[in-house]
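**Student:** What follows is a single structure, and I will ask about it in a moment.
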Amino acid sequence: MQTQLAESIKYTPVGQEADRILRSCVHCGFCLATCPTYQLLGDELDSPRGRIYQIKAVLEGGEATRSTQIHLDRCLTCLSCETTCPSGVQYGRLLEIGRDLVDQQVTRPISERLARFAIRELVSRREVFRLVLRVGRGLRPLLPRWLKSKVPMVRRSASVSVMPHARCVILLKNCVQDALCPAIDQATARVLNRLQVRTVVAADSGCCGALRAHLSDAEGAQAAARRNIDAWWPLLKSGAEAIVMTASGCGSQVKSYGRLLANDTHYRDRAVQVSAKAVDLSEWLSAQPVDWRANRADSDTIRVAFQSPCTLQHGQQLRGDIENTLVALGAELTPVADGHLCCGSAGSYSLLQPALAGSLKDAKLVALMAGSPSVILSANVGCLSHLQSGAAIPVHHWIEWVDQRLGGAVRDSDAL
Ligand code: SF4
Ligand code: SF4
């Protein structure tokens, strides 16, 4: 694609990065076929190629309008288009640049500003979010149906024995997951315990910054990255093997710290090293010598539908590890059509674009239920709580199911 960026941005680092990305697009349109918003709305302006054209127009000095902002807002940042694109266009990064530029020029209606502020400041602060949820749960019977589905009941599991294993990994205490479903981290700790590996949480770590990044708060996302780097650095230096992510959305974000802080001379080297140490739980487990089959607590087979989050399959390009582990532990995976399509959760998307998110959720649940599974498993807390709000069967994190198949708390201290 030929470009003529405006003089005001052409020579800046961001302008040069955007120019390089734009030039890599060859307009082929292959990405349209796998874009959920284009499939739903049928408007090229709500497709990856259409959004690229709109961002290009703004970068070339055209006027950013409220319409441009709306079409960019409707993007789920699912990155399905990046997986499909034969030219390797870094659409996600271009969208980030485009959204920032448009938001600098177009003032949002007050209701949107308030909603975005509330999500940014309430959800990404662990203690505040927990308090909001507690209040929401208390008022649940009085809430309208659509809001009630956003306030799920908390899911805990049995406490975990703390073992003094020599091997140790860091867990990120995910702000949403910790409040909504502490059972996920408890199950993770139990499974790793059986592998003779200790899990530690850095007291000063916090939200990974993904929510802020999605809401065009680049400075807030960078501040979150710096705080986590400071919190994890001493643990990494004292021998922690990896930073293990149980939410694929957070994993995607932490893996991008190196890029996020590339212009910060004080943090950039440590950011690159922290990103290199970040692994999804499935990645980390698949590198361990474990015979899952030999350690099944039950010999029965269970029909399982697995929903692979966009942040896992597109953001981190991880496919197959979880499915292999589930099968080894007795899952019969049911077919799920259009597994590459987003469920509509997408960070804060389900709160800011409820109609589109609802349509995507309905379509995803039809696909997941087609093979009559007994349980739906996911790898991201946002997806599982979004899907659970409409599902007739349980929706769990895959590690909870793995833990259960290994015997759960009953065999907590058994080594694999
Ligand atoms: S598939 Fe890639 S190269 Fe083709 S239009 Fe889409 S972004 Fe551009
Ligand atoms: S990130 Fe997802 S929703 Fe956005 S343009 Fe790409 S495929 Fe479409």
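Letters A, B, ... go to the chains of the structure tokens in the order shown; residues in each chain start at 1; ligands are counted from 1 in the same order.
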Within region 85-275 of chain A, find each residue whose DSSP state, derived from the backbone, is strand (DSSP E), and express the selection as a count of residues only.
**Tutor:** 12
**Student:** List as a Markdown table every residue of chain A that is in contact with ligand 2, defined as an atom at most 9 Å from one of its atoms (using only C-alpha atoms and all ligand atoms), together with the nearest atom pair and the distance in Å rounded to one decimal, sorted by chain and then rising number.
**Tutor:**
| residue | atom | partner | partner_atom_place_in_ligand_line | distance |
| --- | --- | --- | --- | --- |
| A:Cys31 | CA | ligand 2 | 7 (S) | 6.9 |
| A:Leu32 | CA | ligand 2 | 7 (S) | 7.4 |
| A:Ala33 | CA | ligand 2 | 7 (S) | 8.7 |
| A:Thr34 | CA | ligand 2 | 7 (S) | 6.0 |
| A:Cys35 | CA | ligand 2 | 7 (S) | 3.6 |
| A:Pro36 | CA | ligand 2 | 3 (S) | 5.5 |
| A:Thr37 | CA | ligand 2 | 3 (S) | 5.3 |
| A:Tyr38 | CA | ligand 2 | 8 (Fe) | 6.6 |
| A:Gln39 | CA | ligand 2 | 8 (Fe) | 8.9 |
| A:Asp46 | CA | ligand 2 | 5 (S) | 7.0 |
| A:Ser47 | CA | ligand 2 | 5 (S) | 5.1 |
| A:Pro48 | CA | ligand 2 | 5 (S) | 3.7 |
| A:Arg49 | CA | ligand 2 | 5 (S) | 7.5 |
| A:Gly50 | CA | ligand 2 | 5 (S) | 8.4 |
| A:Arg51 | CA | ligand 2 | 5 (S) | 6.9 |
| A:Ile52 | CA | ligand 2 | 5 (S) | 8.7 |
| A:Leu72 | CA | ligand 2 | 4 (Fe) | 8.1 |
| A:Arg74 | CA | ligand 2 | 3 (S) | 7.1 |
| A:Cys75 | CA | ligand 2 | 4 (Fe) | 3.9 |
| A:Leu76 | CA | ligand 2 | 3 (S) | 4.3 |
| A:Thr77 | CA | ligand 2 | 1 (S) | 3.7 |
| A:Cys78 | CA | ligand 2 | 2 (Fe) | 4.1 |
| A:Leu79 | CA | ligand 2 | 1 (S) | 3.9 |
| A:Ser80 | CA | ligand 2 | 7 (S) | 4.4 |
| A:Cys81 | CA | ligand 2 | 7 (S) | 4.2 |
| A:Glu82 | CA | ligand 2 | 6 (Fe) | 6.7 |
| A:Thr83 | CA | ligand 2 | 7 (S) | 8.8 |
| A:Thr84 | CA | ligand 2 | 7 (S) | 8.7 |
| A:Tyr91 | CA | ligand 2 | 6 (Fe) | 7.0 |
| A:Gly92 | CA | ligand 2 | 1 (S) | 6.5 |
| A:Leu95 | CA | ligand 2 | 4 (Fe) | 8.4 |
| A:Cys310 | CA | ligand 2 | 2 (Fe) | 8.8 |
| A:Leu341 | CA | ligand 2 | 7 (S) | 8.2 |
| A:Cys342 | CA | ligand 2 | 2 (Fe) | 7.6 |
**Student:** What would the file look like if the residues just selected were written as a compact mmCIF listing (two decimals), in the first residue's frame with N, CA, C and O atoms?
**Tutor:**
# COMPACT_ATOMS: atom_id res chain seq x y z
N CYS A 31 -8.44 -11.04 4.99
CA CYS A 31 -8.78 -10.88 6.41
C CYS A 31 -10.28 -10.67 6.64
O CYS A 31 -10.77 -10.92 7.74
N LEU A 32 -10.99 -10.24 5.61
CA LEU A 32 -12.42 -9.97 5.80
C LEU A 32 -13.19 -11.25 6.18
O LEU A 32 -14.14 -11.23 6.95
N ALA A 33 -12.73 -12.36 5.62
CA ALA A 33 -13.46 -13.63 5.81
C ALA A 33 -13.43 -14.11 7.26
O ALA A 33 -14.31 -14.86 7.67
N THR A 34 -12.45 -13.68 8.04
CA THR A 34 -12.35 -14.19 9.42
C THR A 34 -12.59 -13.09 10.46
O THR A 34 -12.28 -13.27 11.64
N CYS A 35 -13.14 -11.97 10.02
CA CYS A 35 -13.39 -10.87 10.97
C CYS A 35 -14.81 -10.96 11.51
O CYS A 35 -15.78 -10.87 10.75
N PRO A 36 -14.97 -11.13 12.83
CA PRO A 36 -16.32 -11.28 13.39
C PRO A 36 -17.21 -10.05 13.16
O PRO A 36 -18.40 -10.20 12.90
N THR A 37 -16.64 -8.84 13.25
CA THR A 37 -17.53 -7.67 13.10
C THR A 37 -17.95 -7.49 11.65
O THR A 37 -19.07 -7.06 11.36
N TYR A 38 -17.10 -7.87 10.71
CA TYR A 38 -17.50 -7.80 9.30
C TYR A 38 -18.57 -8.84 9.01
O TYR A 38 -19.54 -8.57 8.30
N GLN A 39 -18.42 -10.03 9.61
CA GLN A 39 -19.43 -11.07 9.41
C GLN A 39 -20.78 -10.64 9.97
O GLN A 39 -21.81 -10.91 9.39
N ASP A 46 -16.30 -1.84 8.95
CA ASP A 46 -16.15 -2.64 10.17
C ASP A 46 -15.34 -3.91 9.90
O ASP A 46 -15.53 -4.93 10.56
N SER A 47 -14.46 -3.82 8.91
CA SER A 47 -13.57 -4.95 8.60
C SER A 47 -12.13 -4.49 8.85
O SER A 47 -11.86 -3.29 8.97
N PRO A 48 -11.17 -5.44 8.91
CA PRO A 48 -9.78 -5.03 9.13
C PRO A 48 -9.27 -4.10 8.03
O PRO A 48 -8.69 -3.05 8.31
N ARG A 49 -9.55 -4.48 6.77
CA ARG A 49 -9.05 -3.65 5.67
C ARG A 49 -9.70 -2.26 5.71
O ARG A 49 -9.02 -1.24 5.52
N GLY A 50 -10.99 -2.21 6.01
CA GLY A 50 -11.68 -0.92 6.08
C GLY A 50 -11.12 -0.06 7.20
O GLY A 50 -10.96 1.15 7.06
N ARG A 51 -10.80 -0.69 8.32
CA ARG A 51 -10.24 0.08 9.45
C ARG A 51 -8.83 0.56 9.11
O ARG A 51 -8.44 1.67 9.47
N ILE A 52 -8.09 -0.27 8.39
CA ILE A 52 -6.74 0.15 7.98
C ILE A 52 -6.84 1.39 7.09
O ILE A 52 -6.10 2.36 7.25
N LEU A 72 -13.68 2.12 14.71
CA LEU A 72 -12.49 1.58 15.40
C LEU A 72 -12.89 0.96 16.74
O LEU A 72 -12.36 -0.08 17.14
N ARG A 74 -15.59 -0.57 17.40
CA ARG A 74 -16.29 -1.86 17.21
C ARG A 74 -15.32 -3.01 17.01
O ARG A 74 -15.71 -4.17 17.04
N CYS A 75 -14.04 -2.71 16.79
CA CYS A 75 -13.06 -3.78 16.64
C CYS A 75 -12.86 -4.47 17.99
O CYS A 75 -12.69 -3.82 19.02
N LEU A 76 -12.86 -5.80 17.97
CA LEU A 76 -12.70 -6.57 19.21
C LEU A 76 -11.24 -6.71 19.63
O LEU A 76 -10.95 -7.25 20.70
N THR A 77 -10.32 -6.30 18.76
CA THR A 77 -8.88 -6.59 18.91
C THR A 77 -8.64 -8.09 19.12
O THR A 77 -7.76 -8.50 19.88
N CYS A 78 -9.44 -8.90 18.43
CA CYS A 78 -9.31 -10.35 18.57
C CYS A 78 -8.09 -10.88 17.82
O CYS A 78 -7.62 -11.98 18.10
N LEU A 79 -7.62 -10.11 16.84
CA LEU A 79 -6.44 -10.45 16.03
C LEU A 79 -6.62 -11.68 15.15
O LEU A 79 -5.63 -12.25 14.67
N SER A 80 -7.86 -12.06 14.92
CA SER A 80 -8.13 -13.13 13.97
C SER A 80 -7.59 -12.72 12.59
O SER A 80 -7.08 -13.54 11.83
N CYS A 81 -7.69 -11.42 12.29
CA CYS A 81 -7.21 -10.93 10.98
C CYS A 81 -5.70 -11.09 10.87
O CYS A 81 -5.18 -11.37 9.77
N GLU A 82 -4.97 -10.94 11.97
CA GLU A 82 -3.50 -11.11 11.91
C GLU A 82 -3.15 -12.56 11.59
O GLU A 82 -2.21 -12.84 10.85
N THR A 83 -3.91 -13.49 12.17
CA THR A 83 -3.65 -14.91 11.89
C THR A 83 -3.90 -15.21 10.41
O THR A 83 -3.16 -15.97 9.79
N THR A 84 -4.91 -14.57 9.85
CA THR A 84 -5.29 -14.86 8.45
C THR A 84 -4.38 -14.15 7.45
O THR A 84 -4.15 -14.67 6.35
N TYR A 91 -1.80 -5.60 12.40
CA TYR A 91 -3.02 -4.82 12.52
C TYR A 91 -3.24 -4.30 13.94
O TYR A 91 -3.63 -3.16 14.15
N GLY A 92 -2.99 -5.16 14.94
CA GLY A 92 -3.27 -4.78 16.33
C GLY A 92 -2.51 -3.54 16.74
O GLY A 92 -3.06 -2.64 17.37
N LEU A 95 -3.94 -0.50 14.96
CA LEU A 95 -5.20 -0.07 15.57
C LEU A 95 -4.93 0.76 16.82
O LEU A 95 -5.58 1.79 17.05
N CYS A 310 -9.19 -15.80 21.93
CA CYS A 310 -8.43 -15.12 20.86
C CYS A 310 -7.02 -14.78 21.34
O CYS A 310 -6.06 -14.84 20.57
N LEU A 341 -13.35 -17.74 15.78
CA LEU A 341 -14.11 -16.50 16.01
C LEU A 341 -14.21 -16.15 17.49
O LEU A 341 -14.38 -17.03 18.34
N CYS A 342 -14.18 -14.87 17.77
CA CYS A 342 -14.25 -14.35 19.15
C CYS A 342 -15.62 -14.61 19.77
O CYS A 342 -16.64 -14.60 19.08
**Student:** Run DSSP on the backbone and tell me which residues of region 35-83 of chain A come out as helix (DSSP H, G or I); list them as a VMD selection string.
**Tutor:** chain A and resid 36 to 41 44 to 46 48 to 59 66 to 73 80 to 83
**Student:** Would you list the contacts of Asn295 (chain A) as a list in words, taking every protein, DNA or RNA residue within 9 Å and counting only C-alpha atoms, but skipping same-chain residues closer than 3 positions in sequence?
**Tutor:**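 Close residues of Asn295 (chain A): Val290, Asp291, Trp292, Asp298, Leu329, Arg405, Leu406, Gly407 and Leu416 of chain A.
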**Student:** Any chance you can output those residues with C-alpha atoms as a PDB file, in the first residue's frame?
**Tutor:**
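Output file part_13.pdb follows:
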ATOM      1  CA  VAL A 290       4.373 -35.440  32.832  1.00  0.00           C
ATOM      2  CA  ASP A 291       2.463 -38.578  31.946  1.00  0.00           C
ATOM      3  CA  TRP A 292      -1.061 -37.247  32.390  1.00  0.00           C
ATOM      4  CA  ASP A 298     -10.962 -41.377  37.093  1.00  0.00           C
ATOM      5  CA  LEU A 329      -6.939 -36.874  31.057  1.00  0.00           C
ATOM      6  CA  ARG A 405      -9.156 -35.171  36.961  1.00  0.00           C
ATOM      7  CA  LEU A 406      -5.967 -35.535  38.984  1.00  0.00           C
ATOM      8  CA  GLY A 407      -7.951 -35.915  42.180  1.00  0.00           C
ATOM      9  CA  LEU A 416       3.160 -36.885  39.550  1.00  0.00           C
TER      10      LEU A 416
END
**Student:** What are the nearest atom pairs, with distances in Å to one decimal, for all residues of chain A that come at most 6 Å from ligand 1, using only C-alpha atoms and all ligand atoms, set out by chain and rising residue number as a Markdown table?
**Tutor:**
| residue | atom | partner | partner_atom_place_in_ligand_line | distance |
| --- | --- | --- | --- | --- |
| A:Cys25 | CA | ligand 1 | 3 (S) | 3.8 |
| A:Val26 | CA | ligand 1 | 3 (S) | 4.3 |
| A:His27 | CA | ligand 1 | 5 (S) | 3.7 |
| A:Cys28 | CA | ligand 1 | 4 (Fe) | 3.9 |
| A:Gly29 | CA | ligand 1 | 5 (S) | 3.9 |
| A:Phe30 | CA | ligand 1 | 1 (S) | 4.3 |
| A:Cys31 | CA | ligand 1 | 1 (S) | 4.1 |
| A:Arg49 | CA | ligand 1 | 5 (S) | 4.9 |
| A:Cys85 | CA | ligand 1 | 1 (S) | 3.8 |
| A:Pro86 | CA | ligand 1 | 2 (Fe) | 5.9 |
| A:Ser87 | CA | ligand 1 | 3 (S) | 5.0 |
| A:Val89 | CA | ligand 1 | 7 (S) | 5.3 |
**Student:** Dump all heavy atoms for the selected residues as a CSV table (one decimal), in the first residue's frame?
**Tutor:**
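Output file again.csv is given in full below:
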chain,number,residue,atom,x,y,z
A,25,CYS,N,0.5,-3.9,3.9
A,25,CYS,CA,-0.8,-4.4,3.5
A,25,CYS,C,-0.9,-4.3,2.0
A,25,CYS,O,-0.7,-3.3,1.4
A,25,CYS,CB,-1.9,-3.5,4.2
A,25,CYS,SG,-3.6,-4.0,3.6
A,26,VAL,N,-1.4,-5.4,1.4
A,26,VAL,CA,-1.5,-5.4,-0.1
A,26,VAL,C,-3.0,-5.4,-0.5
A,26,VAL,O,-3.3,-5.8,-1.7
A,26,VAL,CB,-0.8,-6.7,-0.7
A,26,VAL,CG1,0.7,-6.6,-0.4
A,26,VAL,CG2,-1.4,-8.0,-0.1
A,27,HIS,N,-3.8,-5.0,0.3
A,27,HIS,CA,-5.3,-4.8,0.0
A,27,HIS,C,-6.0,-6.1,-0.4
A,27,HIS,O,-7.1,-6.0,-0.9
A,27,HIS,CB,-5.6,-3.9,-1.1
A,27,HIS,CG,-4.7,-2.7,-1.3
A,27,HIS,ND1,-5.2,-1.4,-1.1
A,27,HIS,CD2,-3.5,-2.6,-1.8
A,27,HIS,CE1,-4.2,-0.6,-1.5
A,27,HIS,NE2,-3.1,-1.3,-1.9
A,28,CYS,N,-5.4,-7.3,-0.2
A,28,CYS,CA,-6.0,-8.5,-0.7
A,28,CYS,C,-7.4,-8.8,-0.2
A,28,CYS,O,-8.2,-9.4,-0.9
A,28,CYS,CB,-5.1,-9.7,-0.5
A,28,CYS,SG,-4.9,-10.1,1.3
A,29,GLY,N,-7.7,-8.4,1.1
A,29,GLY,CA,-9.0,-8.6,1.6
A,29,GLY,C,-9.2,-10.0,2.2
A,29,GLY,O,-10.4,-10.3,2.6
A,30,PHE,N,-8.2,-10.9,2.3
A,30,PHE,CA,-8.4,-12.2,2.9
A,30,PHE,C,-8.9,-12.1,4.3
A,30,PHE,O,-9.6,-12.9,4.8
A,30,PHE,CB,-7.0,-13.0,2.9
A,30,PHE,CG,-6.6,-13.5,1.5
A,30,PHE,CD1,-5.3,-13.9,1.3
A,30,PHE,CD2,-7.5,-13.5,0.4
A,30,PHE,CE1,-4.9,-14.4,0.1
A,30,PHE,CE2,-7.1,-13.9,-0.8
A,30,PHE,CZ,-5.8,-14.4,-1.0
A,31,CYS,N,-8.4,-11.0,5.0
A,31,CYS,CA,-8.8,-10.9,6.4
A,31,CYS,C,-10.3,-10.7,6.6
A,31,CYS,O,-10.8,-10.9,7.7
A,31,CYS,CB,-8.0,-9.7,7.0
A,31,CYS,SG,-8.2,-8.2,6.0
A,49,ARG,N,-9.5,-4.5,6.8
A,49,ARG,CA,-9.0,-3.6,5.7
A,49,ARG,C,-9.7,-2.3,5.7
A,49,ARG,O,-9.0,-1.2,5.5
A,49,ARG,CB,-9.3,-4.3,4.3
A,49,ARG,CG,-8.7,-3.6,3.1
A,49,ARG,CD,-8.9,-4.4,1.9
A,49,ARG,NE,-10.3,-4.6,1.5
A,49,ARG,CZ,-10.7,-5.3,0.4
A,49,ARG,NH1,-9.8,-5.9,-0.4
A,49,ARG,NH2,-12.0,-5.4,0.2
A,85,CYS,N,-3.9,-13.0,7.8
A,85,CYS,CA,-3.2,-12.1,6.8
A,85,CYS,C,-1.9,-12.8,6.2
A,85,CYS,O,-1.0,-13.1,7.0
A,85,CYS,CB,-2.8,-10.8,7.5
A,85,CYS,SG,-1.9,-9.7,6.4
A,86,PRO,N,-1.9,-13.0,4.9
A,86,PRO,CA,-0.7,-13.6,4.3
A,86,PRO,C,0.6,-12.7,4.3
A,86,PRO,O,1.7,-13.1,4.1
A,86,PRO,CB,-1.1,-13.9,2.9
A,86,PRO,CG,-2.2,-13.0,2.6
A,86,PRO,CD,-2.9,-12.6,3.9
A,87,SER,N,0.3,-11.4,4.5
A,87,SER,CA,1.4,-10.4,4.5
A,87,SER,C,2.0,-10.1,5.8
A,87,SER,O,2.9,-9.2,5.9
A,87,SER,CB,1.0,-9.1,3.8
A,87,SER,OG,0.5,-9.4,2.5
A,89,VAL,N,0.6,-8.4,8.3
A,89,VAL,CA,0.3,-7.0,8.7
A,89,VAL,C,0.1,-7.0,10.2
A,89,VAL,O,-0.8,-7.7,10.7
A,89,VAL,CB,-0.9,-6.4,8.0
A,89,VAL,CG1,-1.3,-5.1,8.5
A,89,VAL,CG2,-0.6,-6.3,6.5
